[in-house]
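> Pasting structure_3.cif below, which is mmCIF, C-alpha atoms.
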```
data_entry
#
loop_
_atom_site.label_atom_id
_atom_site.label_comp_id
_atom_site.auth_asym_id
_atom_site.auth_seq_id
_atom_site.Cartn_x
_atom_site.Cartn_y
_atom_site.Cartn_z
CA VAL A 1 -1.25 -13.94 -15.17
CA LEU A 2 -3.22 -14.38 -11.99
CA ILE A 3 -5.63 -11.56 -11.28
CA ALA A 4 -6.89 -11.21 -7.71
CA PRO A 5 -9.36 -8.58 -6.50
CA VAL A 6 -8.81 -6.60 -3.30
CA ILE A 7 -10.95 -3.84 -1.78
CA LEU A 8 -9.89 -0.62 -0.12
CA HIS A 9 -12.38 2.19 0.42
CA VAL A 10 -10.19 5.25 -0.08
CA GLY A 11 -10.50 8.03 2.50
CA ILE A 12 -9.82 11.75 2.39
CA GLY A 13 -6.32 11.32 3.90
CA THR A 14 -5.13 9.77 0.64
CA PHE A 15 -6.12 12.82 -1.41
CA ARG A 16 -5.67 15.61 1.11
CA PRO A 17 -2.56 17.60 0.10
CA VAL A 18 0.44 17.24 2.37
CA LYS A 19 0.93 20.80 3.59
CA GLU A 20 3.24 20.19 6.53
CA GLU A 21 7.01 20.18 6.18
CA ASP A 22 7.00 17.36 8.74
CA ILE A 23 5.19 14.39 7.14
CA THR A 24 4.42 12.94 10.57
CA LYS A 25 1.88 15.73 11.03
CA HIS A 26 -0.17 14.65 7.98
CA PRO A 27 -3.16 12.61 9.20
CA MET A 28 -4.25 9.58 7.21
CA HIS A 29 -7.86 8.61 7.77
CA SER A 30 -9.00 5.06 8.37
CA GLU A 31 -9.81 3.11 5.21
CA PHE A 32 -11.79 -0.16 5.09
CA ILE A 33 -10.11 -3.29 3.62
CA ALA A 34 -11.78 -6.51 2.51
CA VAL A 35 -9.78 -9.37 0.96
CA ASP A 36 -10.85 -12.98 0.45
CA ARG A 37 -8.92 -15.64 2.34
CA ASP A 38 -8.16 -17.46 -0.93
CA VAL A 39 -6.49 -14.34 -2.36
CA ILE A 40 -4.29 -14.02 0.73
CA ASN A 41 -3.43 -17.72 0.49
CA GLN A 42 -2.40 -17.28 -3.16
CA LEU A 43 -0.12 -14.42 -2.14
CA VAL A 44 1.57 -16.59 0.51
CA THR A 45 3.08 -18.92 -2.09
CA GLN A 46 3.40 -16.47 -4.99
CA GLU A 47 7.04 -16.40 -5.97
CA LYS A 48 6.63 -14.39 -9.16
CA SER A 49 6.33 -10.62 -9.24
CA ILE A 50 3.24 -9.13 -7.70
CA ILE A 51 2.20 -6.09 -9.71
CA ALA A 52 -0.45 -3.91 -8.12
CA VAL A 53 -2.76 -1.94 -10.37
CA GLY A 54 -3.14 1.41 -8.66
CA THR A 55 -1.77 2.88 -5.46
CA THR A 56 -4.92 1.74 -3.68
CA SER A 57 -4.02 -1.87 -4.43
CA VAL A 58 -0.44 -1.21 -3.27
CA ARG A 59 -1.66 0.14 0.05
CA THR A 60 -4.09 -2.77 0.47
CA LEU A 61 -1.50 -5.47 -0.26
CA GLU A 62 1.13 -3.84 1.93
CA SER A 63 -1.46 -3.44 4.71
CA LEU A 64 -2.15 -7.19 4.54
CA TYR A 65 1.51 -7.81 5.31
CA HIS A 66 1.36 -5.53 8.35
CA LEU A 67 -1.89 -7.10 9.55
CA GLY A 68 -0.08 -10.45 9.49
CA CYS A 69 2.75 -8.93 11.53
CA MET A 70 0.18 -7.64 14.02
CA VAL A 71 -1.27 -11.17 14.36
CA ALA A 72 2.26 -12.49 14.97
CA GLN A 73 2.60 -9.96 17.79
CA GLY A 74 -0.70 -11.06 19.33
CA GLN A 75 -2.50 -7.85 18.40
CA GLU A 76 -6.12 -7.68 17.36
CA LEU A 77 -6.85 -7.21 13.67
CA ASP A 78 -8.37 -3.81 13.99
CA GLU A 79 -6.38 -1.23 12.09
CA VAL A 80 -2.88 -0.80 10.71
CA GLY A 81 -1.69 2.43 12.28
CA GLN A 82 -0.28 5.19 10.12
CA TRP A 83 3.28 4.68 11.38
CA TYR A 84 3.17 0.98 12.38
CA PRO A 85 5.40 -0.09 9.43
CA TYR A 86 8.16 2.22 10.68
CA SER A 87 7.98 1.12 14.33
CA PRO A 88 11.17 -0.25 15.91
CA ASP A 89 8.98 -2.99 17.46
CA HIS A 90 7.84 -4.22 14.01
CA PRO A 91 8.66 -7.95 13.69
CA ASN A 92 9.85 -7.71 10.03
CA LEU A 93 8.60 -11.12 8.94
CA THR A 94 8.89 -12.46 5.41
CA LYS A 95 5.90 -11.97 3.11
CA SER A 96 5.01 -15.66 3.39
CA GLU A 97 5.31 -15.67 7.19
CA ALA A 98 3.12 -12.59 7.66
CA LEU A 99 0.45 -13.56 5.14
CA GLY A 100 0.52 -17.16 6.40
CA LYS A 101 -0.32 -15.83 9.87
CA LEU A 102 -3.35 -14.07 8.37
CA VAL A 103 -4.56 -17.25 6.67
CA LYS A 104 -4.24 -19.20 9.94
CA TYR A 105 -6.06 -16.40 11.78
CA LEU A 106 -8.95 -16.55 9.29
CA ASP A 107 -9.04 -20.36 9.30
CA ALA A 108 -9.15 -20.50 13.12
CA ARG A 109 -12.20 -18.20 13.03
CA LYS A 110 -13.79 -19.87 9.97
CA MET A 111 -13.74 -16.53 8.12
CA LYS A 112 -13.78 -16.38 4.31
CA THR A 113 -12.96 -12.69 4.11
CA LEU A 114 -10.50 -10.55 6.01
CA VAL A 115 -12.13 -7.31 7.08
CA ALA A 116 -9.96 -4.65 8.70
CA SER A 117 -8.88 -1.07 8.18
CA THR A 118 -5.68 0.80 7.53
CA ARG A 119 -4.22 4.24 7.99
CA ILE A 120 -0.88 3.25 6.47
CA ILE A 121 1.17 5.97 4.84
CA ILE A 122 3.86 4.84 2.45
CA ALA A 123 6.62 7.43 2.31
CA PRO A 124 10.35 7.41 1.55
CA GLY A 125 12.06 4.95 3.86
CA TYR A 126 9.24 2.41 3.59
CA LYS A 127 10.27 -1.21 2.87
CA PHE A 128 7.93 -2.88 0.35
CA ASN A 129 7.10 -6.42 1.45
CA VAL A 130 4.46 -7.68 -0.99
CA VAL A 131 4.47 -5.52 -4.11
CA SER A 132 7.33 -5.75 -6.60
CA GLY A 133 5.78 -3.44 -9.18
CA MET A 134 2.83 -1.21 -9.84
CA ILE A 135 0.85 0.46 -12.56
CA THR A 136 -0.22 3.92 -11.50
CA ASN A 137 -1.16 7.30 -12.84
CA PHE A 138 1.01 10.39 -12.52
CA HIS A 139 0.00 12.06 -9.27
CA GLN A 140 -0.35 15.59 -7.94
CA PRO A 141 2.51 17.35 -6.20
CA GLN A 142 2.17 17.35 -2.39
CA SER A 143 0.06 14.19 -2.43
CA THR A 144 0.48 11.04 -0.36
CA LEU A 145 0.33 9.14 -3.65
CA LEU A 146 3.44 10.92 -4.90
CA LEU A 147 5.09 10.05 -1.57
CA LEU A 148 4.27 6.40 -2.28
CA VAL A 149 5.79 6.64 -5.78
CA SER A 150 8.86 8.35 -4.32
CA ALA A 151 9.23 5.54 -1.77
CA PHE A 152 8.93 2.90 -4.47
CA THR A 153 11.40 4.55 -6.86
CA GLY A 154 13.96 5.38 -4.20
CA GLY A 155 13.29 9.08 -4.72
CA ASP A 156 13.77 8.95 -8.52
CA TRP A 157 10.27 10.16 -9.27
CA ARG A 158 11.27 13.66 -10.44
CA ARG A 159 13.16 12.37 -13.51
CA MET A 160 10.10 10.34 -14.57
CA TYR A 161 7.72 13.22 -13.95
CA ASP A 162 9.96 15.64 -15.89
CA HIS A 163 9.88 13.18 -18.80
CA ALA A 164 6.08 13.05 -18.57
CA LEU A 165 5.79 16.84 -18.44
CA ASP A 166 8.17 17.27 -21.39
CA GLY A 167 6.18 14.67 -23.33
CA GLU A 168 2.87 16.38 -22.46
CA TYR A 169 1.52 13.25 -20.76
CA ARG A 170 -1.86 13.61 -19.15
CA PHE A 171 -1.88 13.57 -15.37
CA LEU A 172 -4.35 12.43 -12.69
CA SER A 173 -7.11 9.85 -12.65
CA TYR A 174 -7.81 9.52 -16.36
CA GLY A 175 -4.35 10.39 -17.62
CA ASP A 176 -1.40 8.35 -18.78
CA ALA A 177 -0.12 5.63 -16.51
CA GLN A 178 3.32 4.30 -15.71
CA LEU A 179 4.66 0.86 -14.93
CA LEU A 180 7.10 0.95 -12.03
CA LEU A 181 9.27 -2.08 -11.33
#
```
For the structure just supplied, provide its representation as structure tokens.

Amino acid sequence: VLIAPVILHVGIGTFRPVKEEDITKHPMHSEFIAVDRDVINQLVTQEKSIIAVGTTSVRTLESLYHLGCMVAQGQELDEVGQWYPYSPDHPNLTKSEALGKLVKYLDARKMKTLVASTRIIIAPGYKFNVVSGMITNFHQPQSTLLLLVSAFTGGDWRRMYDHALDGEYRFLSYGDAQLLL
């Protein structure tokens, strides 16, 4: 098992309850990302499953993919916009193509660490490009984290959460966790 560290400084948008019926009205705040070039390079050629530990890691890894797509489009590596992944202009590269673009970008600038930010929201309809599984806690209703779980499970989160409630699992940060594949 290869373990690779990634950094995302979580902002309030991740934990702020989604109160709008229209998810597009929920603002995600900018969150800082830092990932070593060598980690990104390992991801380029990784053919085995990539299992993220925590939704923060999921959002970081998926943001790397979109940053690579932005480089491919000639955009500056500033910030992944909240709705960029859903844009009709998105280039939809393979994982290796997008992350390879990031490695070349860093190499051309002699940078050892990618530093950027993201406002990505992962909601039903999102296509996962890097992560093939995750370990995560059970999350609050009306949270962006539950939206992410719903997107990953194809909307089948309620059955799992009902099982957890019936089994008196502990919820939230220091509760029971689940492996989603």
> Counting only C-alpha atoms, note down every residue that has an atom within 7 Å of the point (5.5, 0.8, -12.3) (file coordinates), as an MDAnalysis selection string.
chainID A and resid 133:136 178:181
> Distance atom CA of A:Asp38-atom CA of A:Met70, one decimal place?
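According to the coordinates, atom CA of A:Asp38 and atom CA of A:Met70 are separated by 19.7 Å.
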> For each of A:Ala151, A:Ile40, A:Leu2, A:Val35, take the minimum atom-to-atom distance to A:Leu99, counting all atoms listed in the file, then give the residue where this is smallest.
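Ranking A:Ala151, A:Ile40, A:Leu2, A:Val35 by distance to A:Leu99, first place goes to A:Ile40.
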> Using all atoms listed in the file for the distances, tell me which of A:Ser30, A:Gln46, A:Asn41, A:Thr94 is nearest to A:Glu79.
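Once distances to A:Glu79 are computed over all atoms listed in the file, the minimum belongs to A:Ser30.
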> How many Å separate atom CA of A:Phe171 from atom CA of A:Gly125?
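Spanning atom CA of A:Phe171 to atom CA of A:Gly125 is a straight-line distance of 25.3 Å.
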> Name the residues that the PyMOL selection byres ((chain A and resi 138) around 12) pulls out of this structure, and write them as number ranges by chain.
A: 54-55, 135-137, 139-141, 143, 145-150, 157-158, 160-165, 168-180
> Quick one: write out the picked residues with C-alpha atoms as a PDB file, in the coordinates of the input?

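Contents of out_24.pdb, freshly written:
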```
ATOM      1  CA  GLY A  54      -3.140   1.410  -8.660  1.00  0.00           C
ATOM      2  CA  THR A  55      -1.770   2.880  -5.460  1.00  0.00           C
ATOM      3  CA  ILE A 135       0.850   0.460 -12.560  1.00  0.00           C
ATOM      4  CA  THR A 136      -0.220   3.920 -11.500  1.00  0.00           C
ATOM      5  CA  ASN A 137      -1.160   7.300 -12.840  1.00  0.00           C
ATOM      6  CA  HIS A 139       0.000  12.060  -9.270  1.00  0.00           C
ATOM      7  CA  GLN A 140      -0.350  15.590  -7.940  1.00  0.00           C
ATOM      8  CA  PRO A 141       2.510  17.350  -6.200  1.00  0.00           C
ATOM      9  CA  SER A 143       0.060  14.190  -2.430  1.00  0.00           C
ATOM     10  CA  LEU A 145       0.330   9.140  -3.650  1.00  0.00           C
ATOM     11  CA  LEU A 146       3.440  10.920  -4.900  1.00  0.00           C
ATOM     12  CA  LEU A 147       5.090  10.050  -1.570  1.00  0.00           C
ATOM     13  CA  LEU A 148       4.270   6.400  -2.280  1.00  0.00           C
ATOM     14  CA  VAL A 149       5.790   6.640  -5.780  1.00  0.00           C
ATOM     15  CA  SER A 150       8.860   8.350  -4.320  1.00  0.00           C
ATOM     16  CA  TRP A 157      10.270  10.160  -9.270  1.00  0.00           C
ATOM     17  CA  ARG A 158      11.270  13.660 -10.440  1.00  0.00           C
ATOM     18  CA  MET A 160      10.100  10.340 -14.570  1.00  0.00           C
ATOM     19  CA  TYR A 161       7.720  13.220 -13.950  1.00  0.00           C
ATOM     20  CA  ASP A 162       9.960  15.640 -15.890  1.00  0.00           C
ATOM     21  CA  HIS A 163       9.880  13.180 -18.800  1.00  0.00           C
ATOM     22  CA  ALA A 164       6.080  13.050 -18.570  1.00  0.00           C
ATOM     23  CA  LEU A 165       5.790  16.840 -18.440  1.00  0.00           C
ATOM     24  CA  GLU A 168       2.870  16.380 -22.460  1.00  0.00           C
ATOM     25  CA  TYR A 169       1.520  13.250 -20.760  1.00  0.00           C
ATOM     26  CA  ARG A 170      -1.860  13.610 -19.150  1.00  0.00           C
ATOM     27  CA  PHE A 171      -1.880  13.570 -15.370  1.00  0.00           C
ATOM     28  CA  LEU A 172      -4.350  12.430 -12.690  1.00  0.00           C
ATOM     29  CA  SER A 173      -7.110   9.850 -12.650  1.00  0.00           C
ATOM     30  CA  TYR A 174      -7.810   9.520 -16.360  1.00  0.00           C
ATOM     31  CA  GLY A 175      -4.350  10.390 -17.620  1.00  0.00           C
ATOM     32  CA  ASP A 176      -1.400   8.350 -18.780  1.00  0.00           C
ATOM     33  CA  ALA A 177      -0.120   5.630 -16.510  1.00  0.00           C
ATOM     34  CA  GLN A 178       3.320   4.300 -15.710  1.00  0.00           C
ATOM     35  CA  LEU A 179       4.660   0.860 -14.930  1.00  0.00           C
ATOM     36  CA  LEU A 180       7.100   0.950 -12.030  1.00  0.00           C
TER      37      LEU A 180
END
```
> Running the PyMOL selection byres ((chain A and resi 20-27) around 12) on this model by hand, what would come out? Give it as a list in words.
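Applying the expression gives Gly11, Ile12, Gly13, Thr14, Phe15, Arg16, Pro17, Val18, Lys19, Met28, His29, Ser30, Gly81, Gln82, Trp83, Tyr86, Arg119, Ile120, Ile121, Ile122, Ala123, Pro124, Gln142, Ser143, Thr144 and Leu147 of chain A.
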> For the file shown, report as a list in words the outcome of the PyMOL selection byres ((chain A and resi 6) around 7) at residue level.
Ala4, Pro5, Ile7, Leu8, Ala34, Val35 and Ser57 of chain A
> Filtering to C-alpha atoms, could you give me those residues as a compact mmCIF listing (two decimals), keeping the file's coordinate frame?

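selection27.txt, written as the output of this step:
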```txt
# COMPACT_ATOMS: atom_id res chain seq x y z
CA ALA A 4 -6.89 -11.21 -7.71
CA PRO A 5 -9.36 -8.58 -6.50
CA ILE A 7 -10.95 -3.84 -1.78
CA LEU A 8 -9.89 -0.62 -0.12
CA ALA A 34 -11.78 -6.51 2.51
CA VAL A 35 -9.78 -9.37 0.96
CA SER A 57 -4.02 -1.87 -4.43
```
> Atom CA of A:Ser87 and atom CA of A:Gln42, how far apart in Å?
27.4 Å
> From the list A:Thr153, A:Lys104, A:Thr118, A:Asp166, which residue is nearest A:Ser63 when using all atoms listed in the file?
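The shortest atom-to-atom distance to A:Ser63 comes from A:Thr118.
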> Take every atom of stretch 2-17 of chain A listed in the file, pad by 4 Å on each side, and give me the axis-aligned box centre and edge lengths in Å, one decimal, as JSON.

```
{"center_x": -7.5, "center_y": 1.6, "center_z": -4.0, "size_x": 17.8, "size_y": 40.0, "size_z": 23.9}
```
> In terms of the shortest atom-to-atom distance over only C-alpha atoms, which of A:Val103, A:Cys69, A:Ala116, A:Ile3 is closest to A:Ile50?
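Between A:Val103, A:Cys69, A:Ala116, A:Ile3, the residue approaching A:Ile50 most closely is A:Ile3.
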> Taking 3 positions as the minimum chain separation for residues in the same chain, which residues sit within 6 Å of A:Glu62 when counting all atoms listed in the file? Answer as a list of chain:residue names.
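In the requested form, the answer reads A:Arg59, A:Tyr65, A:Val130.
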> Give the answer as one residue: which of A:Lys112, A:Val10, A:Lys48, A:Ala98 has the shortest atom-to-atom distance to A:Asn129, using all atoms listed in the file?
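Under the stated criterion, the closest residue is A:Ala98.
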> With all atoms listed in the file as the basis for distance, which of A:Leu102, A:Val44, A:Ala52, A:Val58 is at the shortest distance from A:Ala72?
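With all atoms listed in the file as the atom set, the closest residue is A:Leu102.
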